[in-house]
file entry.tsv (TSV, C-alpha atoms and all ligand atoms)
chain	number	residue	atom	x	y	z
A	8	MET	CA	36.92	24.46	7.37
A	9	VAL	CA	36.31	20.94	6.03
A	10	LYS	CA	37.69	20.53	2.50
A	11	SER	CA	36.94	16.89	1.69
A	12	ALA	CA	34.54	14.10	2.54
A	13	LYS	CA	34.87	10.37	2.96
A	14	ALA	CA	32.54	7.98	1.16
A	15	ALA	CA	32.15	4.20	1.07
A	16	VAL	CA	32.47	3.40	-2.63
A	17	MET	CA	31.40	0.21	-4.40
A	18	THR	CA	33.83	-0.62	-7.18
A	19	LEU	CA	32.70	-4.21	-7.81
A	20	PRO	CA	29.53	-6.07	-6.76
A	21	ASN	CA	29.85	-8.30	-3.71
A	22	GLU	CA	33.25	-6.88	-2.76
A	23	ASP	CA	33.90	-4.82	0.35
A	24	LEU	CA	33.28	-1.12	-0.20
A	25	GLU	CA	36.32	1.14	-0.34
A	26	ILE	CA	36.65	4.30	1.70
A	27	GLN	CA	37.59	7.10	-0.69
A	28	GLU	CA	38.00	10.80	-0.14
A	29	PHE	CA	36.45	13.42	-2.44
A	30	PRO	CA	36.90	17.20	-2.45
A	31	LEU	CA	33.84	19.08	-1.20
A	32	PRO	CA	32.29	20.76	-4.25
A	33	GLN	CA	31.80	24.49	-4.56
A	34	VAL	CA	28.08	24.99	-3.90
A	35	ASP	CA	26.46	26.38	-7.05
A	36	ALA	CA	23.24	28.40	-7.24
A	37	GLY	CA	20.18	26.28	-6.43
A	38	CYS	CA	22.26	23.51	-4.82
A	39	ILE	CA	22.72	22.42	-1.20
A	40	LEU	CA	25.65	20.74	0.52
A	41	VAL	CA	24.43	18.42	3.28
A	42	LYS	CA	26.33	16.82	6.11
A	43	ILE	CA	24.82	13.34	6.29
A	44	THR	CA	23.74	12.20	9.75
A	45	CYS	CA	22.03	8.92	8.82
A	46	CYS	CA	21.42	6.76	5.77
A	47	THR	CA	19.41	3.54	6.00
A	48	ILE	CA	20.15	0.58	3.74
A	49	CYS	CA	17.29	-0.11	1.33
A	50	GLY	CA	16.59	-3.50	-0.26
A	51	SER	CA	17.61	-2.04	-3.62
A	52	ASP	CA	21.05	-1.10	-2.21
A	53	VAL	CA	21.44	-4.77	-1.33
A	54	HIS	CA	20.27	-5.82	-4.84
A	55	SER	CA	22.84	-3.47	-6.44
A	56	TRP	CA	25.65	-4.56	-4.13
A	57	SER	CA	24.90	-8.28	-4.60
A	58	GLY	CA	24.84	-7.85	-8.40
A	59	ARG	CA	21.20	-8.88	-8.65
A	60	ARG	CA	20.54	-5.59	-10.35
A	61	ALA	CA	23.04	-3.71	-12.52
A	62	ALA	CA	24.66	-0.58	-11.07
A	63	PRO	CA	27.27	1.71	-12.66
A	64	THR	CA	30.60	1.70	-10.82
A	65	PRO	CA	32.26	3.32	-9.01
A	66	ILE	CA	29.16	4.21	-7.03
A	67	ILE	CA	28.22	5.61	-3.63
A	68	LEU	CA	25.09	3.60	-2.79
A	69	GLY	CA	22.46	4.76	-0.30
A	70	HIS	CA	19.42	6.94	-0.97
A	71	GLU	CA	17.41	6.91	2.28
A	72	ILE	CA	19.29	9.91	3.59
A	73	VAL	CA	18.91	12.54	6.32
A	74	GLY	CA	21.38	15.28	7.05
A	75	GLU	CA	22.05	18.84	8.16
A	76	ILE	CA	22.47	21.69	5.72
A	77	ALA	CA	26.17	22.64	5.63
A	78	GLU	CA	25.90	25.24	2.88
A	79	LEU	CA	23.07	26.73	0.84
A	80	GLY	CA	23.64	27.74	-2.78
A	81	GLU	CA	22.48	31.13	-3.99
A	82	GLY	CA	18.71	31.38	-4.26
A	83	VAL	CA	17.87	28.42	-2.00
A	84	THR	CA	15.72	29.85	0.76
A	85	ARG	CA	12.78	27.45	1.13
A	86	ASP	CA	11.99	23.75	0.95
A	87	SER	CA	9.35	22.12	-1.29
A	88	GLY	CA	6.66	22.94	1.29
A	89	ASP	CA	7.72	26.62	1.37
A	90	ARG	CA	9.30	26.32	4.84
A	91	PRO	CA	12.35	28.53	5.30
A	92	LEU	CA	15.73	26.77	5.11
A	93	ARG	CA	18.83	27.71	7.09
A	94	VAL	CA	22.29	26.26	7.56
A	95	GLY	CA	22.06	23.56	10.26
A	96	ASP	CA	18.47	22.59	9.43
A	97	ARG	CA	17.77	18.89	9.14
A	98	ILE	CA	16.44	17.83	5.74
A	99	THR	CA	15.63	14.80	3.65
A	100	TRP	CA	15.11	14.89	-0.11
A	101	THR	CA	13.63	12.93	-2.99
A	102	ILE	CA	15.50	9.96	-4.38
A	103	MET	CA	15.64	11.77	-7.71
A	104	ASP	CA	16.54	15.02	-9.40
A	105	ASN	CA	14.21	15.53	-12.36
A	106	CYS	CA	14.28	18.22	-15.06
A	107	GLY	CA	10.66	19.37	-14.74
A	108	LYS	CA	10.52	20.09	-18.46
A	109	CYS	CA	10.53	16.82	-20.38
A	110	TYR	CA	7.56	14.80	-21.64
A	111	TYR	CA	7.37	12.60	-18.52
A	112	CYS	CA	7.85	15.47	-16.06
A	113	ARG	CA	5.51	17.94	-17.67
A	114	GLU	CA	2.88	16.03	-19.61
A	115	ILE	CA	2.51	12.60	-18.07
A	116	GLY	CA	2.97	13.32	-14.36
A	117	LEU	CA	5.74	10.76	-13.94
A	118	PRO	CA	8.73	12.85	-12.81
A	119	MET	CA	10.40	9.72	-11.40
A	120	LYS	CA	10.73	8.63	-15.03
A	121	CYS	CA	12.20	11.97	-16.21
A	122	ARG	CA	14.21	11.61	-19.41
A	123	TYR	CA	17.15	13.38	-17.73
A	124	LEU	CA	16.75	11.69	-14.37
A	125	LYS	CA	19.52	11.64	-11.79
A	126	LYS	CA	19.10	9.42	-8.75
A	127	TYR	CA	20.96	9.65	-5.47
A	128	GLY	CA	22.76	6.41	-4.70
A	129	HIS	CA	22.13	5.06	-8.21
A	130	ASP	CA	24.52	6.98	-10.51
A	131	SER	CA	28.28	6.67	-10.88
A	132	CYS	CA	30.39	8.88	-8.64
A	133	ALA	CA	33.30	8.98	-11.09
A	134	THR	CA	32.81	12.61	-12.11
A	135	PRO	CA	32.39	15.80	-10.01
A	136	PRO	CA	30.59	16.59	-7.79
A	137	HIS	CA	31.11	12.88	-6.85
A	138	LEU	CA	29.10	13.08	-3.62
A	139	ASN	CA	25.75	11.80	-4.95
A	140	GLY	CA	24.99	8.94	-2.56
A	141	GLY	CA	24.16	8.31	1.07
A	142	PHE	CA	27.05	6.17	2.32
A	143	ALA	CA	29.24	9.25	2.75
A	144	GLU	CA	29.90	12.16	5.06
A	145	TYR	CA	28.39	14.72	2.70
A	146	CYS	CA	25.91	14.78	-0.18
A	147	TYR	CA	25.54	17.42	-2.87
A	148	ILE	CA	21.91	18.19	-3.75
A	149	THR	CA	21.12	19.59	-7.17
A	150	PRO	CA	18.26	21.95	-8.13
A	151	GLY	CA	15.75	19.42	-9.52
A	152	THR	CA	15.47	17.66	-6.14
A	153	GLY	CA	12.46	17.93	-3.79
A	154	VAL	CA	13.84	19.01	-0.41
A	155	ILE	CA	11.86	18.53	2.80
A	156	LYS	CA	12.65	19.96	6.21
A	157	VAL	CA	12.41	17.25	8.87
A	158	PRO	CA	10.02	17.95	11.78
A	159	GLU	CA	11.87	18.26	15.09
A	160	GLU	CA	9.90	15.50	16.78
A	161	LEU	CA	11.22	12.81	14.42
A	162	THR	CA	14.60	11.15	14.88
A	163	ASP	CA	16.98	10.58	11.96
A	164	GLU	CA	16.33	6.85	12.13
A	165	GLU	CA	12.57	7.30	12.08
A	166	VAL	CA	12.63	9.56	9.07
A	167	ALA	CA	15.42	8.10	6.88
A	168	PRO	CA	13.43	5.13	5.46
A	169	ALA	CA	10.61	7.54	4.49
A	170	ASN	CA	12.79	8.54	1.57
A	171	CYS	CA	12.30	5.32	-0.35
A	172	ALA	CA	10.26	2.68	1.47
A	173	LEU	CA	7.50	4.85	2.96
A	174	ALA	CA	7.14	7.32	0.06
A	175	THR	CA	6.86	4.42	-2.41
A	176	VAL	CA	4.13	2.75	-0.33
A	177	VAL	CA	2.28	6.10	-0.10
A	178	ALA	CA	2.47	6.29	-3.92
A	179	GLY	CA	1.30	2.66	-4.16
A	180	TRP	CA	-1.82	3.11	-2.05
A	181	GLU	CA	-2.61	6.34	-3.89
A	182	ALA	CA	-2.26	4.66	-7.29
A	183	ILE	CA	-4.70	1.93	-6.34
A	184	GLN	CA	-7.02	4.39	-4.58
A	185	LEU	CA	-7.24	2.66	-1.23
A	186	GLN	CA	-10.59	3.37	0.45
A	187	PRO	CA	-11.67	3.40	4.12
A	188	MET	CA	-13.30	0.18	5.34
A	189	GLU	CA	-11.67	-1.89	2.60
A	190	ASN	CA	-10.05	-5.24	3.30
A	191	VAL	CA	-6.42	-5.43	2.24
A	192	LEU	CA	-3.78	-8.09	1.80
A	193	ILE	CA	-0.12	-7.09	2.17
A	194	GLN	CA	2.33	-9.73	0.92
A	195	GLY	CA	5.56	-9.20	2.87
A	196	ALA	CA	6.25	-7.92	6.39
A	197	GLY	CA	9.54	-6.14	5.68
A	198	THR	CA	9.89	-2.37	5.96
A	199	LEU	CA	7.49	-1.71	3.08
A	200	GLY	CA	4.93	-4.11	4.53
A	201	VAL	CA	5.16	-2.43	7.92
A	202	TYR	CA	4.52	1.00	6.39
A	203	ALA	CA	1.76	-0.40	4.16
A	204	ALA	CA	-0.04	-1.80	7.23
A	205	ALA	CA	0.32	1.42	9.24
A	206	LEU	CA	-0.96	3.55	6.35
A	207	ALA	CA	-3.91	1.19	5.76
A	208	LYS	CA	-4.78	1.37	9.47
A	209	HIS	CA	-4.54	5.16	9.45
A	210	HIS	CA	-6.74	5.17	6.36
A	211	GLY	CA	-9.50	3.29	8.17
A	212	CYS	CA	-9.20	-0.09	6.49
A	213	GLN	CA	-11.00	-3.02	8.06
A	214	ARG	CA	-9.07	-6.28	7.67
A	215	ILE	CA	-5.36	-5.67	7.22
A	216	ILE	CA	-3.97	-9.11	6.47
A	217	VAL	CA	-0.20	-9.52	6.22
A	218	THR	CA	1.65	-12.60	5.00
A	219	ASP	CA	5.33	-13.49	5.37
A	220	ILE	CA	7.49	-16.54	6.07
A	221	VAL	CA	9.21	-15.14	9.18
A	222	ASP	CA	7.27	-15.26	12.46
A	223	GLU	CA	9.31	-12.46	14.04
A	224	ARG	CA	8.37	-10.09	11.25
A	225	LEU	CA	4.72	-11.06	11.47
A	226	ALA	CA	4.73	-10.41	15.22
A	227	PHE	CA	6.37	-7.03	14.59
A	228	VAL	CA	3.86	-5.89	11.95
A	229	LYS	CA	1.00	-6.41	14.42
A	230	ALA	CA	2.19	-3.28	16.19
A	231	PHE	CA	1.62	-1.40	12.93
A	232	GLY	CA	-2.07	-2.15	12.54
A	233	ALA	CA	-2.11	-5.63	10.99
A	234	SER	CA	-5.37	-7.28	12.05
A	235	ASP	CA	-4.42	-10.78	10.84
A	236	VAL	CA	-1.00	-12.26	10.11
A	237	ILE	CA	-0.37	-15.51	8.24
A	238	ASN	CA	2.88	-17.43	7.98
A	239	THR	CA	2.72	-18.94	4.49
A	240	THR	CA	5.75	-21.23	4.85
A	241	GLY	CA	4.94	-24.47	3.00
A	242	MET	CA	1.37	-23.31	2.37
A	243	GLY	CA	-0.22	-24.00	-1.01
A	244	SER	CA	-1.98	-21.14	-2.76
A	245	ASP	CA	-5.42	-22.78	-2.45
A	246	LYS	CA	-5.09	-22.87	1.33
A	247	LEU	CA	-4.15	-19.17	1.48
A	248	VAL	CA	-7.03	-18.19	-0.81
A	249	GLU	CA	-9.39	-20.15	1.42
A	250	MET	CA	-8.07	-18.41	4.56
A	251	ILE	CA	-8.40	-14.97	2.95
A	252	LYS	CA	-11.97	-15.74	1.87
A	253	ASP	CA	-12.80	-16.89	5.41
A	254	LEU	CA	-11.57	-13.55	6.72
A	255	THR	CA	-13.60	-11.54	4.19
A	256	ASP	CA	-17.09	-13.11	4.24
A	257	GLY	CA	-16.22	-15.31	1.29
A	258	PHE	CA	-15.41	-12.44	-1.08
A	259	GLY	CA	-11.64	-12.00	-1.06
A	260	VAL	CA	-9.81	-8.74	-0.36
A	261	ASP	CA	-10.59	-5.47	-2.14
A	262	VAL	CA	-6.92	-4.62	-2.59
A	263	ALA	CA	-3.59	-6.47	-2.40
A	264	MET	CA	-0.01	-5.19	-2.43
A	265	GLU	CA	3.15	-7.24	-3.06
A	266	VAL	CA	6.15	-5.89	-1.16
A	267	ALA	CA	8.21	-9.02	-0.54
A	268	GLY	CA	9.99	-8.92	-3.90
A	269	VAL	CA	8.97	-12.52	-4.63
A	270	PRO	CA	7.48	-12.91	-8.14
A	271	ASP	CA	5.63	-16.14	-7.27
A	272	LEU	CA	3.50	-14.25	-4.75
A	273	ILE	CA	1.79	-12.32	-7.54
A	274	PRO	CA	-0.44	-15.13	-8.94
A	275	VAL	CA	-1.62	-16.12	-5.45
A	276	GLY	CA	-2.13	-12.49	-4.46
A	277	LEU	CA	-4.33	-11.97	-7.52
A	278	LYS	CA	-6.37	-15.05	-6.56
A	279	CYS	CA	-6.99	-13.54	-3.11
A	280	LEU	CA	-8.81	-10.54	-4.66
A	281	ARG	CA	-12.59	-10.28	-4.86
A	282	ILE	CA	-14.16	-9.75	-8.30
A	283	GLY	CA	-13.21	-6.22	-9.38
A	284	GLY	CA	-10.28	-6.15	-6.95
A	285	ARG	CA	-7.10	-4.10	-7.39
A	286	TYR	CA	-3.50	-5.25	-7.15
A	287	VAL	CA	-0.42	-3.09	-6.76
A	288	GLU	CA	3.06	-4.47	-7.40
A	289	LEU	CA	6.02	-2.77	-5.71
A	290	GLY	CA	8.40	-5.47	-4.62
A	291	CYS	CA	10.03	-6.86	-7.76
A	292	SER	CA	12.38	-4.01	-8.63
A	293	PHE	CA	14.98	-6.28	-10.25
A	294	PRO	CA	15.11	-7.99	-13.66
A	295	ASN	CA	13.95	-11.51	-14.58
A	296	ALA	CA	11.09	-11.49	-12.09
A	297	ASN	CA	9.12	-13.94	-14.26
A	298	ILE	CA	5.85	-15.62	-13.37
A	299	THR	CA	3.45	-18.12	-14.91
A	300	TYR	CA	-0.13	-16.93	-14.64
A	301	ASP	CA	-3.46	-17.67	-16.29
A	302	VAL	CA	-4.50	-14.18	-17.41
A	303	SER	CA	-8.09	-15.24	-18.03
A	304	ASP	CA	-8.42	-14.54	-14.27
A	305	ILE	CA	-7.82	-10.85	-14.94
A	306	VAL	CA	-10.58	-10.88	-17.56
A	307	TRP	CA	-13.16	-13.02	-15.77
A	308	SER	CA	-12.63	-11.30	-12.44
A	309	ARG	CA	-12.26	-7.78	-13.88
A	310	LEU	CA	-9.03	-7.13	-11.99
A	311	THR	CA	-6.87	-4.01	-12.05
A	312	ILE	CA	-3.08	-4.32	-11.75
A	313	LYS	CA	-0.77	-1.36	-11.17
A	314	GLY	CA	3.01	-1.22	-11.04
A	315	ILE	CA	4.71	1.41	-8.88
A	316	HIS	CA	8.37	2.36	-8.95
A	317	ASN	CA	9.57	5.33	-6.89
A	318	TYR	CA	7.41	8.37	-6.20
A	319	ASP	CA	6.92	12.13	-6.52
A	320	THR	CA	7.86	14.84	-3.98
A	321	LYS	CA	4.31	14.97	-2.58
A	322	HIS	CA	4.53	11.30	-1.57
A	323	LEU	CA	7.69	11.92	0.44
A	324	GLN	CA	6.03	14.93	2.08
A	325	MET	CA	2.95	12.83	2.89
A	326	GLY	CA	5.22	10.14	4.33
A	327	VAL	CA	7.06	12.61	6.58
A	328	ASP	CA	3.74	14.16	7.68
A	329	PHE	CA	2.36	10.68	8.39
A	330	LEU	CA	5.36	9.86	10.60
A	331	ALA	CA	5.04	13.13	12.50
A	332	LEU	CA	1.34	12.52	13.05
A	333	THR	CA	1.48	8.85	14.08
A	334	HIS	CA	4.91	8.21	15.60
A	335	HIS	CA	3.35	7.87	19.06
A	336	GLN	CA	0.85	5.33	17.71
A	337	PHE	CA	3.24	3.10	15.73
A	338	PRO	CA	6.80	2.13	16.85
A	339	PHE	CA	8.63	3.47	13.81
A	340	ASN	CA	11.67	3.94	16.05
A	341	LYS	CA	12.08	0.13	16.16
A	342	ILE	CA	12.49	-0.31	12.40
A	343	VAL	CA	16.23	0.41	12.59
A	344	SER	CA	17.84	-2.10	14.93
A	345	TYR	CA	21.41	-2.36	13.59
A	346	ARG	CA	23.88	0.47	13.11
A	347	VAL	CA	27.26	0.72	11.42
A	348	GLY	CA	29.82	3.46	10.82
A	349	LEU	CA	31.03	4.53	7.38
A	350	ASP	CA	33.97	2.11	7.49
A	351	GLU	CA	31.61	-0.80	8.25
A	352	VAL	CA	29.06	-0.40	5.45
A	353	SER	CA	30.04	-3.78	3.93
A	354	LYS	CA	29.20	-5.40	7.26
A	355	GLY	CA	25.91	-3.49	7.26
A	356	LEU	CA	25.07	-4.65	3.73
A	357	ARG	CA	25.76	-8.25	4.75
A	358	ALA	CA	23.55	-7.86	7.82
A	359	ALA	CA	20.74	-6.37	5.67
A	360	HIS	CA	21.17	-9.17	3.12
A	361	ALA	CA	20.91	-11.77	5.89
A	362	GLY	CA	17.74	-10.13	7.23
A	363	LYS	CA	19.31	-9.29	10.62
A	364	ALA	CA	17.26	-6.09	10.81
A	365	LEU	CA	14.37	-4.53	8.92
A	366	ARG	CA	16.61	-1.54	8.38
A	367	VAL	CA	20.33	-1.14	8.98
A	368	ALA	CA	21.47	2.45	9.51
A	369	VAL	CA	24.78	3.86	8.35
A	370	ILE	CA	25.81	6.63	10.74
A	371	PRO	CA	28.83	8.46	9.25
A	372	ASN	CA	29.80	9.92	12.59
A	373	LYS	CA	29.10	6.91	14.75
A	374	GLU	CA	31.13	7.69	17.89
A	375	GLY	CA	28.96	7.21	20.90
A	376	VAL	CA	26.20	5.40	19.01
A	377	VAL	CA	25.36	1.99	20.43
A	378	SER	CA	24.88	-0.56	17.62
A	401	ZN	ZN	15.16	2.24	-2.11

call {"tool": "encode", "arguments": {"input": "entry.tsv", "output": "structure tokens"}}
result
Amino acid sequence: MVKSAKAAVMTLPNEDLEIQEFPLPQVDAGCILVKITCCTICGSDVHSWSGRRAAPTPIILGHEIVGEIAELGEGVTRDSGDRPLRVGDRITWTIMDNCGKCYYCREIGLPMKCRYLKKYGHDSCATPPHLNGGFAEYCYITPGTGVIKVPEELTDEEVAPANCALATVVAGWEAIQLQPMENVLIQGAGTLGVYAAALAKHHGCQRIIVTDIVDERLAFVKAFGASDVINTTGMGSDKLVEMIKDLTDGFGVDVAMEVAGVPDLIPVGLKCLRIGGRYVELGCSFPNANITYDVSDIVWSRLTIKGIHNYDTKHLQMGVDFLALTHHQFPFNKIVSYRVGLDEVSKGLRAAHAGKALRVAVIPNKEGVVS
């Protein structure tokens, strides 16, 4: 019987992570102990590790997690979709544990902003049960978490990024009420941009225009439904606006989404909208993302701007369902192209930071896995 679990712990930003060992917690009622099989490195893990965004230490980063149920606490019999759960089943779960009772959970419909929020891979691991992040052998799931059984046809690597990247994009398109036949602009061809394009295609959008500054990424996103890709390296905003108008009968796009995490893209993205267009901002999830912008544009052009951070359980479920439905149509299995073991997470973070892969996967039990 396993009594403890290893985890890669960040004690200081930018330093190598430390392998530490924690006792496996006793599994309380309503909780689940999961043996992690894969955790992909999200852009926000890189921001926390690089110090760009503050994180409490010591911390076990990683929140795009998949694993097998090792032990079920009393009373846990079904997942959020009412599917039966058994030991050995493969599950993923929401980035957060929310109370379900506070003002934001109950009255405002923003459980990701719960007043008593706990987030996997975001909170300190100093106190028991310690195992609250993805760069570890085990994770302890608490009762306010949305748990989703993973369909058999999806691999760990296909489903892991659903937990943050895909679910957030699902929430973003929902918030801005994307409609069939609309023309969309997606600023950024990273993992979020790839999912945004595939969802827009599945939704029946017409022009799906994606911008980035890396040709390889733009070539990749074509396989996910992008109809037009534009490398904006060295391009002035007037030129881009002109190109977008040319592609949309002179109107501009109905909807735009920023997923590159580059604040300066926001003013130009807003200029690419038609009158009455909608803009959704997802990328800049770090402080001091300042811009200079003439807001009379918002007034004259009657624009709508929405900010989206994280998601609700239904968005993760929709993301997993979307993958199951379309994984033969879109090459989601190519999003992870770099793999590391638990003792190499620092190397993985550096590779993610350098843009060596759209997603780097941490495989705790990596023997036999070709990286
Ligand atoms: Zn994330």

call {"tool": "axis_aligned_box", "arguments": {"input": "entry.tsv", "around": "stretch 209-222 of chain A", "padding_each_side": "3 Å", "output": "JSON"}}
result
{"center_x": -0.9, "center_y": -5.7, "center_z": 8.7, "size_x": 26.2, "size_y": 27.7, "size_z": 13.5}

call {"tool": "residues_around", "arguments": {"input": "entry.tsv", "residues": "A:Glu144", "least_positions_apart": "4", "cutoff": "10 Å", "atoms": "only C-alpha atoms", "output": "PyMOL selection string"}}
result
chain A and resi 11-15+28+41-45+74+138+140+349+370-372

call {"tool": "closest_residue", "arguments": {"input": "entry.tsv", "among": "A:Val53, A:Phe339, A:Gly153, A:Phe329", "to": "A:Ala207", "atoms": "only C-alpha atoms"}}
result
A:Phe329

call {"tool": "residues_near_ligand", "arguments": {"input": "entry.tsv", "ligand": "ligand ZN 401 (chain A)", "cutoff": "12 Å", "atoms": "all atoms listed in the file", "output": "ChimeraX atom specification"}}
result
/A:46-55,68-72,101-103,126-129,140-141,167-176,198-199,289-293,316-318,366

call {"tool": "residues_near_point", "arguments": {"input": "entry.tsv", "point": "(32.1, 14.0, -10.5)", "cutoff": "12 Å", "atoms": "all atoms listed in the file", "output": "PyMOL selection string"}}
result
chain A and resi 29-32+65-67+130-140+147

call {"tool": "write_last_selection", "arguments": {"input": "entry.tsv", "atoms": "C-alpha atoms", "output": "compact mmCIF listing (two decimals), in the frame of the given file"}}
result
# COMPACT_ATOMS: atom_id res chain seq x y z
CA PHE A 29 36.45 13.42 -2.44
CA PRO A 30 36.90 17.20 -2.45
CA LEU A 31 33.84 19.08 -1.20
CA PRO A 32 32.29 20.76 -4.25
CA PRO A 65 32.26 3.32 -9.01
CA ILE A 66 29.16 4.21 -7.03
CA ILE A 67 28.22 5.61 -3.63
CA ASP A 130 24.52 6.98 -10.51
CA SER A 131 28.28 6.67 -10.88
CA CYS A 132 30.39 8.88 -8.64
CA ALA A 133 33.30 8.98 -11.09
CA THR A 134 32.81 12.61 -12.11
CA PRO A 135 32.39 15.80 -10.01
CA PRO A 136 30.59 16.59 -7.79
CA HIS A 137 31.11 12.88 -6.85
CA LEU A 138 29.10 13.08 -3.62
CA ASN A 139 25.75 11.80 -4.95
CA GLY A 140 24.99 8.94 -2.56
CA TYR A 147 25.54 17.42 -2.87

call {"tool": "closest_residue", "arguments": {"input": "entry.tsv", "among": "A:Glu223, A:Glu164, A:Glu22, A:Glu181", "to": "A:Tyr345", "atoms": "only C-alpha atoms"}}
result
A:Glu164

call {"tool": "residues_around", "arguments": {"input": "entry.tsv", "residues": "A:Thr152", "least_positions_apart": "3", "cutoff": "7 Å", "atoms": "all atoms listed in the file", "output": "PyMOL selection string"}}
result
chain A and resi 100-101+103-105+148-149

call {"tool": "write_last_selection", "arguments": {"input": "entry.tsv", "atoms": "C-alpha atoms", "output": "mmCIF file, in the frame of the given file"}}
result
data_model
loop_
_atom_site.group_PDB
_atom_site.id
_atom_site.type_symbol
_atom_site.label_atom_id
_atom_site.label_comp_id
_atom_site.auth_asym_id
_atom_site.auth_seq_id
_atom_site.Cartn_x
_atom_site.Cartn_y
_atom_site.Cartn_z
ATOM 1 C CA TRP A 100 15.110 14.890 -0.110
ATOM 2 C CA THR A 101 13.630 12.930 -2.990
ATOM 3 C CA MET A 103 15.640 11.770 -7.710
ATOM 4 C CA ASP A 104 16.540 15.020 -9.400
ATOM 5 C CA ASN A 105 14.210 15.530 -12.360
ATOM 6 C CA ILE A 148 21.910 18.190 -3.750
ATOM 7 C CA THR A 149 21.120 19.590 -7.170
#

call {"tool": "atom_distance", "arguments": {"input": "entry.tsv", "atom1": "atom CA of A:Lys108", "atom2": "atom CA of A:Gly37"}}
result
16.6 Å

call {"tool": "atom_distance", "arguments": {"input": "entry.tsv", "atom1": "atom CA of A:Asp253", "atom2": "atom CA of A:Val275"}}
result
15.6 Å

call {"tool": "closest_residue", "arguments": {"input": "entry.tsv", "among": "A:Asp96, A:Asp163, A:Asp222, A:Asp235", "to": "A:Leu254", "atoms": "all atoms listed in the file"}}
result
A:Asp235

call {"tool": "closest_residue", "arguments": {"input": "entry.tsv", "among": "A:Ala230, A:Ile298, A:Met8, A:Val327", "to": "A:Val154", "atoms": "all atoms listed in the file"}}
result
A:Val327

call {"tool": "closest_residue", "arguments": {"input": "entry.tsv", "among": "A:Asp256, A:Ile273, A:Gly107, A:Gly283", "to": "A:Thr299", "atoms": "all atoms listed in the file"}}
result
A:Ile273

call {"tool": "build_atoms", "arguments": {"input": "entry.tsv", "residues": "stretch 40-44 of chain A", "atoms": "all heavy atoms", "output": "PDB file, in the coordinates of the input"}}
result
ATOM      1  N   LEU A  40      24.701  21.728   0.002  1.00  0.00           N
ATOM      2  CA  LEU A  40      25.650  20.740   0.520  1.00  0.00           C
ATOM      3  C   LEU A  40      25.135  20.283   1.887  1.00  0.00           C
ATOM      4  O   LEU A  40      24.842  21.111   2.753  1.00  0.00           O
ATOM      5  CB  LEU A  40      27.048  21.346   0.647  1.00  0.00           C
ATOM      6  CG  LEU A  40      28.132  20.372   1.124  1.00  0.00           C
ATOM      7  CD1 LEU A  40      28.404  19.281   0.086  1.00  0.00           C
ATOM      8  CD2 LEU A  40      29.431  21.105   1.460  1.00  0.00           C
ATOM      9  N   VAL A  41      24.997  18.963   2.042  1.00  0.00           N
ATOM     10  CA  VAL A  41      24.430  18.420   3.280  1.00  0.00           C
ATOM     11  C   VAL A  41      25.443  17.545   3.993  1.00  0.00           C
ATOM     12  O   VAL A  41      26.128  16.722   3.373  1.00  0.00           O
ATOM     13  CB  VAL A  41      23.188  17.547   2.961  1.00  0.00           C
ATOM     14  CG1 VAL A  41      22.604  16.965   4.235  1.00  0.00           C
ATOM     15  CG2 VAL A  41      22.133  18.357   2.249  1.00  0.00           C
ATOM     16  N   LYS A  42      25.529  17.721   5.291  1.00  0.00           N
ATOM     17  CA  LYS A  42      26.330  16.820   6.110  1.00  0.00           C
ATOM     18  C   LYS A  42      25.404  15.680   6.534  1.00  0.00           C
ATOM     19  O   LYS A  42      24.406  15.891   7.248  1.00  0.00           O
ATOM     20  CB  LYS A  42      26.845  17.569   7.344  1.00  0.00           C
ATOM     21  CG  LYS A  42      27.781  16.732   8.152  1.00  0.00           C
ATOM     22  CD  LYS A  42      28.412  17.532   9.261  1.00  0.00           C
ATOM     23  CE  LYS A  42      29.525  16.698   9.853  1.00  0.00           C
ATOM     24  NZ  LYS A  42      29.720  16.902  11.264  1.00  0.00           N
ATOM     25  N   ILE A  43      25.711  14.475   6.046  1.00  0.00           N
ATOM     26  CA  ILE A  43      24.820  13.340   6.290  1.00  0.00           C
ATOM     27  C   ILE A  43      24.918  12.887   7.743  1.00  0.00           C
ATOM     28  O   ILE A  43      26.011  12.724   8.283  1.00  0.00           O
ATOM     29  CB  ILE A  43      25.170  12.166   5.340  1.00  0.00           C
ATOM     30  CG1 ILE A  43      24.916  12.586   3.878  1.00  0.00           C
ATOM     31  CG2 ILE A  43      24.373  10.907   5.679  1.00  0.00           C
ATOM     32  CD1 ILE A  43      25.387  11.581   2.848  1.00  0.00           C
ATOM     33  N   THR A  44      23.745  12.692   8.363  1.00  0.00           N
ATOM     34  CA  THR A  44      23.740  12.200   9.750  1.00  0.00           C
ATOM     35  C   THR A  44      23.268  10.751   9.826  1.00  0.00           C
ATOM     36  O   THR A  44      23.577  10.049  10.784  1.00  0.00           O
ATOM     37  CB  THR A  44      22.859  13.087  10.652  1.00  0.00           C
ATOM     38  OG1 THR A  44      21.578  13.247  10.031  1.00  0.00           O
ATOM     39  CG2 THR A  44      23.483  14.455  10.850  1.00  0.00           C
TER      40      THR A  44
END
